[in-house]
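Peer 1: Before we start, here is the structure in question, set down as structure tokens.
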Amino acid sequence: MPTSWNRTPEEIHKIYVANTDAFYLLGGSGYKKELDEFMSRCVFSLWSKGTGVTDRHVDIANELYSRGSSKPNWMLWSLTSAVCESEDFLPPVFFWSLAESDARRGTELSRALIRTITNILLYCSAVDDDVTYSEAEFITGVQDKMNAICDTTGVKNSRSAVNPMDYVTSDQPSFKEKHKDDMPIPESASQDTPVAAVSGCVEGKAAAEPEAESEEKKPDLNELLAEMDELVGLDEVKKDVRNLINLVKVRRLREENGLPNTDMSLHMVFMGNPGTGKTTIARLLGSMYAAIGVLSKGQLIEVDRSGLVAGYVGQTALKTQEVIKSSLGGVLFIDEAYSLSSGGEQDFGREATETILKAMEDHRDDLIVIVAGYDEPMEKFIHSNPGLESRFNKYFHFPDYDGDQLYKIFLSRCEKNSYVLSKKAQKDAKAIFSEMYENRDENFGNGRDVRNFFEDVVVRQSNRLAGMEAPTRDDLITITPKDLRE
């Protein structure tokens, strides 16, 4: 049994989120529930091959959940039962669909997922400061079986995967000591940049490509505008963004020609309910500003109150300054920003606000701040501080999606993940989203509700397919009316 532990459950959670976030940036978050459950079962099988399983391992398994997902509540007996159901490792069903989609589109998300899973398994195997040969052999087997699926479906393989056998540490220096110099913390992942091994995660730190690569490829404004135009709805927002980009471009031309410009603040207020595309537009704006030379990098750093405010005097300013430092050259996006002024005169949120205001002045040439939240609370927040009123004078309103738009978002998620709806399911889905919109309340989640609905549909479809003896490819991709409702 293990005698020492070099990672706490909380640290493993950060590592897990860093790896899965990097993958979701590439392939979307439609696989969250399935991937989380798969990884929990997989690591328990891994530990059963090594030095044995304890309640401490179960504590770590309960930290294997993606950002925004519910924390699992595995118990030792339930995980043991899950492993005993299938002694041999079987790749998850959703991985077949991902590999088939890669083969059709010429992408390699499935290969990136293999690297993500390998990284997580390596860290989980080393939590007791010892990676045994049996554990490394298990990880190699996982790689081989998943790579075989990619080979069968024709997914290209331009990157070599990590070899777990290199990480065996039994009777050798510890995993942490042996690899402390070759485990970089990637700041981002892109279609051309596979998910690398991750040793930690900085709260509020965004993903950006390695510096050398980001300098080689600048974002293309026309491509970004086309990407924005493909978004469902948001017609007025799209129009406002184009107007703003054109205004900034002309200002820069005037500046280059020695003509005067009036003072202009590029900081913005995004107002609207959750799930209406605020973060997506903020990300695109950052890239657009980088494309026209307003920002040096264009990365998006997304935080909320918890990412800025600490619990003791003096710590909030330091915490906020770290977030600001990672935001320089890009966009700092503060969600539910009104919560910074909700605690009264003695609340540390005021300290965070003042620190941000100072940074907006000190770095006005290479930092854009976007504050976002519900309409009425955001109005009160902006008017709660004269400094906020003077710096935020551009307001973007994000309306709720109607039933037809919610249906289009759902279809987009299905297409992205290689699912198709039967004719009857199409009709039923339209009715469901129309009903969802008509019965919405103040907690309506818009795109988030669609995402949750899609993930529930995938689970119900998986449960239905699990009862079939030999589901065909058409079975694997088809959504039926039964999958749409309980």
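Ordering of the structure tokens sets the chain letters (A, B, ...), residue numbers begin anew at 1 in every chain, and ligands are numbered from 1 in the order given.
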Tell me, as a PyMOL selection string, which residues lie within 8 Å of A:Asn62, counting only C-alpha atoms; anything in the same chain fewer than 5 positions away does not count.
Peer 2: chain A and resi 40+71-74
Peer 1: Find the spatial neighbours of A:Ile432, counting only C-alpha atoms, within a cut-off of 9 Å - ignore same-chain residues fewer than 5 positions away - and output them as a ChimeraX atom specification.
Peer 2: /A:403,407,427,437,484
Peer 1: Would you write out those residues with all heavy atoms, as an mmCIF file, in the first residue's frame?
Peer 2:
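Saved to again.cif:
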data_model
loop_
_atom_site.group_PDB
_atom_site.id
_atom_site.type_symbol
_atom_site.label_atom_id
_atom_site.label_comp_id
_atom_site.auth_asym_id
_atom_site.auth_seq_id
_atom_site.Cartn_x
_atom_site.Cartn_y
_atom_site.Cartn_z
ATOM 1 N N GLY A 403 -37.341 30.036 -29.517
ATOM 2 C CA GLY A 403 -37.408 28.592 -29.707
ATOM 3 C C GLY A 403 -36.685 28.106 -30.944
ATOM 4 O O GLY A 403 -35.962 27.097 -30.904
ATOM 5 N N TYR A 407 -33.326 25.679 -31.119
ATOM 6 C CA TYR A 407 -33.308 24.450 -31.931
ATOM 7 C C TYR A 407 -32.099 24.437 -32.857
ATOM 8 O O TYR A 407 -31.440 23.401 -33.017
ATOM 9 C CB TYR A 407 -34.607 24.349 -32.724
ATOM 10 C CG TYR A 407 -34.645 23.186 -33.695
ATOM 11 C CD1 TYR A 407 -34.651 21.872 -33.240
ATOM 12 C CD2 TYR A 407 -34.669 23.414 -35.070
ATOM 13 C CE1 TYR A 407 -34.678 20.802 -34.131
ATOM 14 C CE2 TYR A 407 -34.698 22.358 -35.968
ATOM 15 C CZ TYR A 407 -34.705 21.049 -35.489
ATOM 16 O OH TYR A 407 -34.722 20.000 -36.370
ATOM 17 N N LYS A 427 -39.102 17.030 -35.288
ATOM 18 C CA LYS A 427 -40.374 17.671 -34.953
ATOM 19 C C LYS A 427 -40.537 17.819 -33.445
ATOM 20 O O LYS A 427 -40.938 18.871 -32.942
ATOM 21 C CB LYS A 427 -41.523 16.854 -35.535
ATOM 22 C CG LYS A 427 -42.897 17.456 -35.298
ATOM 23 C CD LYS A 427 -43.984 16.609 -35.942
ATOM 24 C CE LYS A 427 -45.363 17.212 -35.687
ATOM 25 N NZ LYS A 427 -46.438 16.372 -36.307
ATOM 26 N N TYR A 437 -38.668 27.952 -24.389
ATOM 27 C CA TYR A 437 -38.615 29.413 -24.486
ATOM 28 C C TYR A 437 -39.874 30.059 -23.903
ATOM 29 O O TYR A 437 -39.789 31.044 -23.150
ATOM 30 C CB TYR A 437 -38.446 29.818 -25.949
ATOM 31 C CG TYR A 437 -38.512 31.317 -26.172
ATOM 32 C CD1 TYR A 437 -37.452 32.136 -25.774
ATOM 33 C CD2 TYR A 437 -39.629 31.914 -26.757
ATOM 34 C CE1 TYR A 437 -37.504 33.510 -25.963
ATOM 35 C CE2 TYR A 437 -39.681 33.282 -26.953
ATOM 36 C CZ TYR A 437 -38.622 34.074 -26.546
ATOM 37 O OH TYR A 437 -38.691 35.429 -26.728
ATOM 38 N N LEU A 484 -35.034 12.097 -26.565
ATOM 39 C CA LEU A 484 -35.259 13.508 -26.265
ATOM 40 C C LEU A 484 -35.939 13.744 -24.921
ATOM 41 O O LEU A 484 -35.769 14.772 -24.304
ATOM 42 C CB LEU A 484 -36.107 14.164 -27.369
ATOM 43 C CG LEU A 484 -35.473 14.194 -28.764
ATOM 44 C CD1 LEU A 484 -36.450 14.794 -29.756
ATOM 45 C CD2 LEU A 484 -34.181 15.007 -28.753
#
Peer 1: Interatomic distance between atom CA of A:Glu236 and atom CA of A:Lys416?
Peer 2: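 For atom CA of A:Glu236 relative to atom CA of A:Lys416, the distance reads 25.7 Å.
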Peer 1: Just the residues within 9 Å of stretch 376-378 of chain A, please, counting only C-alpha atoms, with nothing from its chain fewer than 3 positions along; format it as a list in words.
Peer 2: Val269, Phe270, Met271, Glu336, Ala337, Tyr338, Ser339, Val371, Ala372, Gly373, Phe381, Ile382 and His383 of chain A
Peer 1: Give the alpha helix (DSSP H) residues of stretch 205-384 of chain A, as DSSP finds them on the backbone, and put them as a PyMOL selection string.
Peer 2: chain A and resi 211-216+221-229+235-256+278-291+315-327+349-362+375-382
Peer 1: Need the shell around A:Gly28: protein/DNA/RNA residues with any atom at most 12 Å away, counting only C-alpha atoms. Skip same-chain ones fewer than 6 positions apart. Format as an NGL selection string?
Peer 2: :A and (20-22 or 98 or 109 or 113 or 412-417 or 451 or 455)
Peer 1: Can you tell me, as a count of residues only, what residues are no more than 8 Å from stretch 291-304 of chain A when counting only C-alpha atoms, ignoring any on the same chain fewer than 4 positions away?
Peer 2: 30
Peer 1: Quick one: residues within 12 Å of stretch 251-259 of chain A, only C-alpha atoms, excluding same-chain residues fewer than 4 positions away - as a list in words?
Peer 2: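 Skipping anything fewer than 4 positions along the chain leaves Leu244, Ile245, Asn246, Leu247, Asp263, Met264, Tyr289, Ile292, Gly293 and Val294 of chain A.
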Peer 1: Dump N, CA and C atoms for the selected residues as a compact mmCIF listing (two decimals), in the first residue's frame?
Peer 2:
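As written to disk, again_22.txt reads:
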# COMPACT_ATOMS: atom_id res chain seq x y z
N LEU A 244 -17.99 48.79 -34.33
CA LEU A 244 -16.88 49.09 -33.44
C LEU A 244 -15.54 48.79 -34.11
N ILE A 245 -15.45 47.67 -34.80
CA ILE A 245 -14.22 47.31 -35.50
C ILE A 245 -13.90 48.34 -36.58
N ASN A 246 -14.91 48.74 -37.34
CA ASN A 246 -14.70 49.75 -38.39
C ASN A 246 -14.24 51.07 -37.80
N LEU A 247 -14.84 51.46 -36.67
CA LEU A 247 -14.47 52.70 -36.02
C LEU A 247 -13.01 52.67 -35.59
N ASP A 263 -10.84 61.14 -27.62
CA ASP A 263 -10.64 60.05 -26.66
C ASP A 263 -11.73 59.00 -26.83
N MET A 264 -11.32 57.73 -26.70
CA MET A 264 -12.26 56.63 -26.90
C MET A 264 -11.90 55.48 -25.97
N TYR A 289 -9.35 42.42 -32.30
CA TYR A 289 -8.49 43.55 -31.94
C TYR A 289 -7.02 43.21 -32.16
N ILE A 292 -6.24 43.56 -35.95
CA ILE A 292 -6.07 44.91 -36.49
C ILE A 292 -5.02 45.71 -35.73
N GLY A 293 -4.34 45.04 -34.78
CA GLY A 293 -3.21 45.67 -34.12
C GLY A 293 -3.52 46.48 -32.88
N VAL A 294 -4.75 46.43 -32.39
CA VAL A 294 -5.10 47.17 -31.18
C VAL A 294 -4.55 46.47 -29.94
Peer 1: From a backbone DSSP assignment, name each residue in stretch 243-479 of chain A labelled strand (DSSP E or B), as a list in words.
Peer 2: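 Matching residues, listed in order: Met268, Val269, Phe270, Met271, Gly272, Leu300, Ile301, Glu302, Val303, Val331, Leu332, Phe333, Ile334, Asp335, Ile368, Val369, Ile370, Val371, Ala372, Gly373, Lys394, Tyr395, Phe396, His397, Phe398, Val420, Leu421, Thr478 and Ile479 of chain A.
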Peer 1: Print the selection's residues with N, CA, C and O atoms to a file, as a compact mmCIF listing (two decimals), in the first residue's frame.
Peer 2:
# COMPACT_ATOMS: atom_id res chain seq x y z
N MET A 268 -16.03 47.54 -22.33
CA MET A 268 -17.43 47.30 -22.66
C MET A 268 -18.21 46.65 -21.52
O MET A 268 -17.63 46.01 -20.64
N VAL A 269 -19.53 46.83 -21.59
CA VAL A 269 -20.47 46.18 -20.68
C VAL A 269 -21.35 45.26 -21.50
O VAL A 269 -22.02 45.70 -22.45
N PHE A 270 -21.34 43.97 -21.18
CA PHE A 270 -22.19 42.99 -21.84
C PHE A 270 -23.35 42.66 -20.90
O PHE A 270 -23.14 42.16 -19.79
N MET A 271 -24.57 42.93 -21.33
CA MET A 271 -25.74 42.75 -20.49
C MET A 271 -26.67 41.70 -21.09
O MET A 271 -26.95 41.73 -22.29
N GLY A 272 -27.10 40.77 -20.27
CA GLY A 272 -28.00 39.74 -20.76
C GLY A 272 -27.99 38.53 -19.83
O GLY A 272 -27.18 38.42 -18.92
N LEU A 300 -8.26 35.75 -24.27
CA LEU A 300 -9.38 36.04 -23.37
C LEU A 300 -9.12 35.41 -22.02
O LEU A 300 -8.87 34.21 -21.91
N ILE A 301 -9.15 36.22 -20.96
CA ILE A 301 -9.03 35.74 -19.59
C ILE A 301 -10.39 35.91 -18.93
O ILE A 301 -10.88 37.02 -18.78
N GLU A 302 -11.03 34.80 -18.58
CA GLU A 302 -12.37 34.85 -18.01
C GLU A 302 -12.32 34.55 -16.51
O GLU A 302 -11.79 33.52 -16.10
N VAL A 303 -12.86 35.44 -15.70
CA VAL A 303 -12.91 35.25 -14.25
C VAL A 303 -14.26 35.70 -13.73
O VAL A 303 -15.03 36.37 -14.42
N VAL A 331 -8.02 40.49 -23.51
CA VAL A 331 -9.29 40.91 -22.92
C VAL A 331 -9.47 40.23 -21.56
O VAL A 331 -9.32 39.01 -21.44
N LEU A 332 -9.76 41.03 -20.55
CA LEU A 332 -10.15 40.51 -19.24
C LEU A 332 -11.67 40.53 -19.18
O LEU A 332 -12.29 41.60 -19.21
N PHE A 333 -12.27 39.36 -19.11
CA PHE A 333 -13.73 39.22 -19.11
C PHE A 333 -14.18 38.84 -17.70
O PHE A 333 -13.83 37.77 -17.21
N ILE A 334 -14.94 39.73 -17.06
CA ILE A 334 -15.38 39.51 -15.68
C ILE A 334 -16.87 39.19 -15.69
O ILE A 334 -17.71 40.06 -15.93
N ASP A 335 -17.20 37.94 -15.47
CA ASP A 335 -18.60 37.51 -15.47
C ASP A 335 -19.24 37.81 -14.11
O ASP A 335 -18.58 37.74 -13.07
N ILE A 368 -8.08 45.40 -22.54
CA ILE A 368 -9.51 45.72 -22.64
C ILE A 368 -10.25 44.91 -21.59
O ILE A 368 -10.04 43.71 -21.47
N VAL A 369 -11.10 45.58 -20.84
CA VAL A 369 -11.89 44.93 -19.80
C VAL A 369 -13.35 44.90 -20.24
O VAL A 369 -13.91 45.92 -20.65
N ILE A 370 -13.95 43.73 -20.16
CA ILE A 370 -15.37 43.56 -20.44
C ILE A 370 -16.03 43.01 -19.19
O ILE A 370 -15.61 41.98 -18.65
N VAL A 371 -17.03 43.74 -18.69
CA VAL A 371 -17.79 43.27 -17.53
C VAL A 371 -19.14 42.78 -18.02
O VAL A 371 -19.74 43.36 -18.94
N ALA A 372 -19.63 41.71 -17.43
CA ALA A 372 -20.85 41.08 -17.95
C ALA A 372 -21.76 40.62 -16.82
O ALA A 372 -21.29 40.35 -15.70
N GLY A 373 -23.04 40.54 -17.13
CA GLY A 373 -24.01 40.05 -16.15
C GLY A 373 -25.42 40.43 -16.53
O GLY A 373 -25.69 40.96 -17.62
N LYS A 394 -19.72 51.72 -23.48
CA LYS A 394 -20.24 50.93 -24.59
C LYS A 394 -21.01 49.74 -24.02
O LYS A 394 -20.44 48.90 -23.32
N TYR A 395 -22.29 49.69 -24.33
CA TYR A 395 -23.18 48.66 -23.80
C TYR A 395 -23.66 47.75 -24.92
O TYR A 395 -24.16 48.23 -25.94
N PHE A 396 -23.51 46.46 -24.73
CA PHE A 396 -24.01 45.47 -25.68
C PHE A 396 -25.11 44.66 -24.97
O PHE A 396 -24.86 44.09 -23.89
N HIS A 397 -26.29 44.61 -25.57
CA HIS A 397 -27.37 43.83 -24.97
C HIS A 397 -27.53 42.50 -25.70
O HIS A 397 -27.65 42.47 -26.93
N PHE A 398 -27.51 41.40 -24.96
CA PHE A 398 -27.63 40.06 -25.51
C PHE A 398 -29.02 39.50 -25.17
O PHE A 398 -29.28 39.13 -24.03
N VAL A 420 -27.34 12.71 -35.70
CA VAL A 420 -28.42 13.17 -36.57
C VAL A 420 -29.75 12.83 -35.91
O VAL A 420 -29.86 11.85 -35.18
N LEU A 421 -30.75 13.66 -36.16
CA LEU A 421 -32.08 13.44 -35.60
C LEU A 421 -32.98 12.76 -36.63
O LEU A 421 -32.96 13.12 -37.81
N THR A 478 -27.77 8.16 -34.50
CA THR A 478 -29.17 8.61 -34.62
C THR A 478 -29.79 8.93 -33.27
O THR A 478 -29.71 8.14 -32.33
N ILE A 479 -30.41 10.10 -33.21
CA ILE A 479 -31.19 10.52 -32.03
C ILE A 479 -32.67 10.26 -32.34
O ILE A 479 -33.18 10.74 -33.36
Peer 1: Which neighbours of A:Asp151 fall inside 12 Å, counting only C-alpha atoms, when residues of the same chain fewer than 6 positions from it are skipped, and could you give them as a VMD selection string?
Peer 2: chain A and resid 96 99 to 100 102 to 103 108 110 to 111 143 to 145 157
Peer 1: Expressed in Å to a single decimal, how great is the separation between atom CA of A:Asp400 and atom CA of A:Thr276?
Peer 2: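 Calculated distance between atom CA of A:Asp400 and atom CA of A:Thr276 is 6.2 Å.
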Peer 1: One decimal, Å: what's the distance from atom CA of A:Glu11 over to atom CA of A:Thr116, could you say?
Peer 2: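 For atom CA of A:Glu11 relative to atom CA of A:Thr116, the distance reads 16.6 Å.
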Peer 1: Between A:Thr132, A:Gln315, A:Ser384, A:Asn439, which one has atoms that come closest to A:Ser341, using only C-alpha atoms?
Peer 2: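 Checking each of A:Thr132, A:Gln315, A:Ser384, A:Asn439 against A:Ser341, counting only C-alpha atoms, the winner is A:Ser384.
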Peer 1: I'd like to know which of A:Thr8, A:Ser97, A:Ser29, A:Asn273 is closest to A:Arg56, using only C-alpha atoms.
Peer 2: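 For A:Arg56, the nearest of the given residues is A:Thr8.
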Peer 1: Just checking: using only C-alpha atoms, which residue out of A:Asn147, A:Asn463, A:Ser418, A:Asn119 ends up closest to A:Gly27?
Peer 2: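 Looking at the shortest contact to A:Gly27, the residue is A:Ser418.
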Peer 1: Which residue gives the smallest distance to A:Glu223 among A:Leu284, A:Val248, A:Thr316, A:Leu122, with only C-alpha atoms counted?
Peer 2: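 Result for the nearest residue to A:Glu223: A:Leu284.
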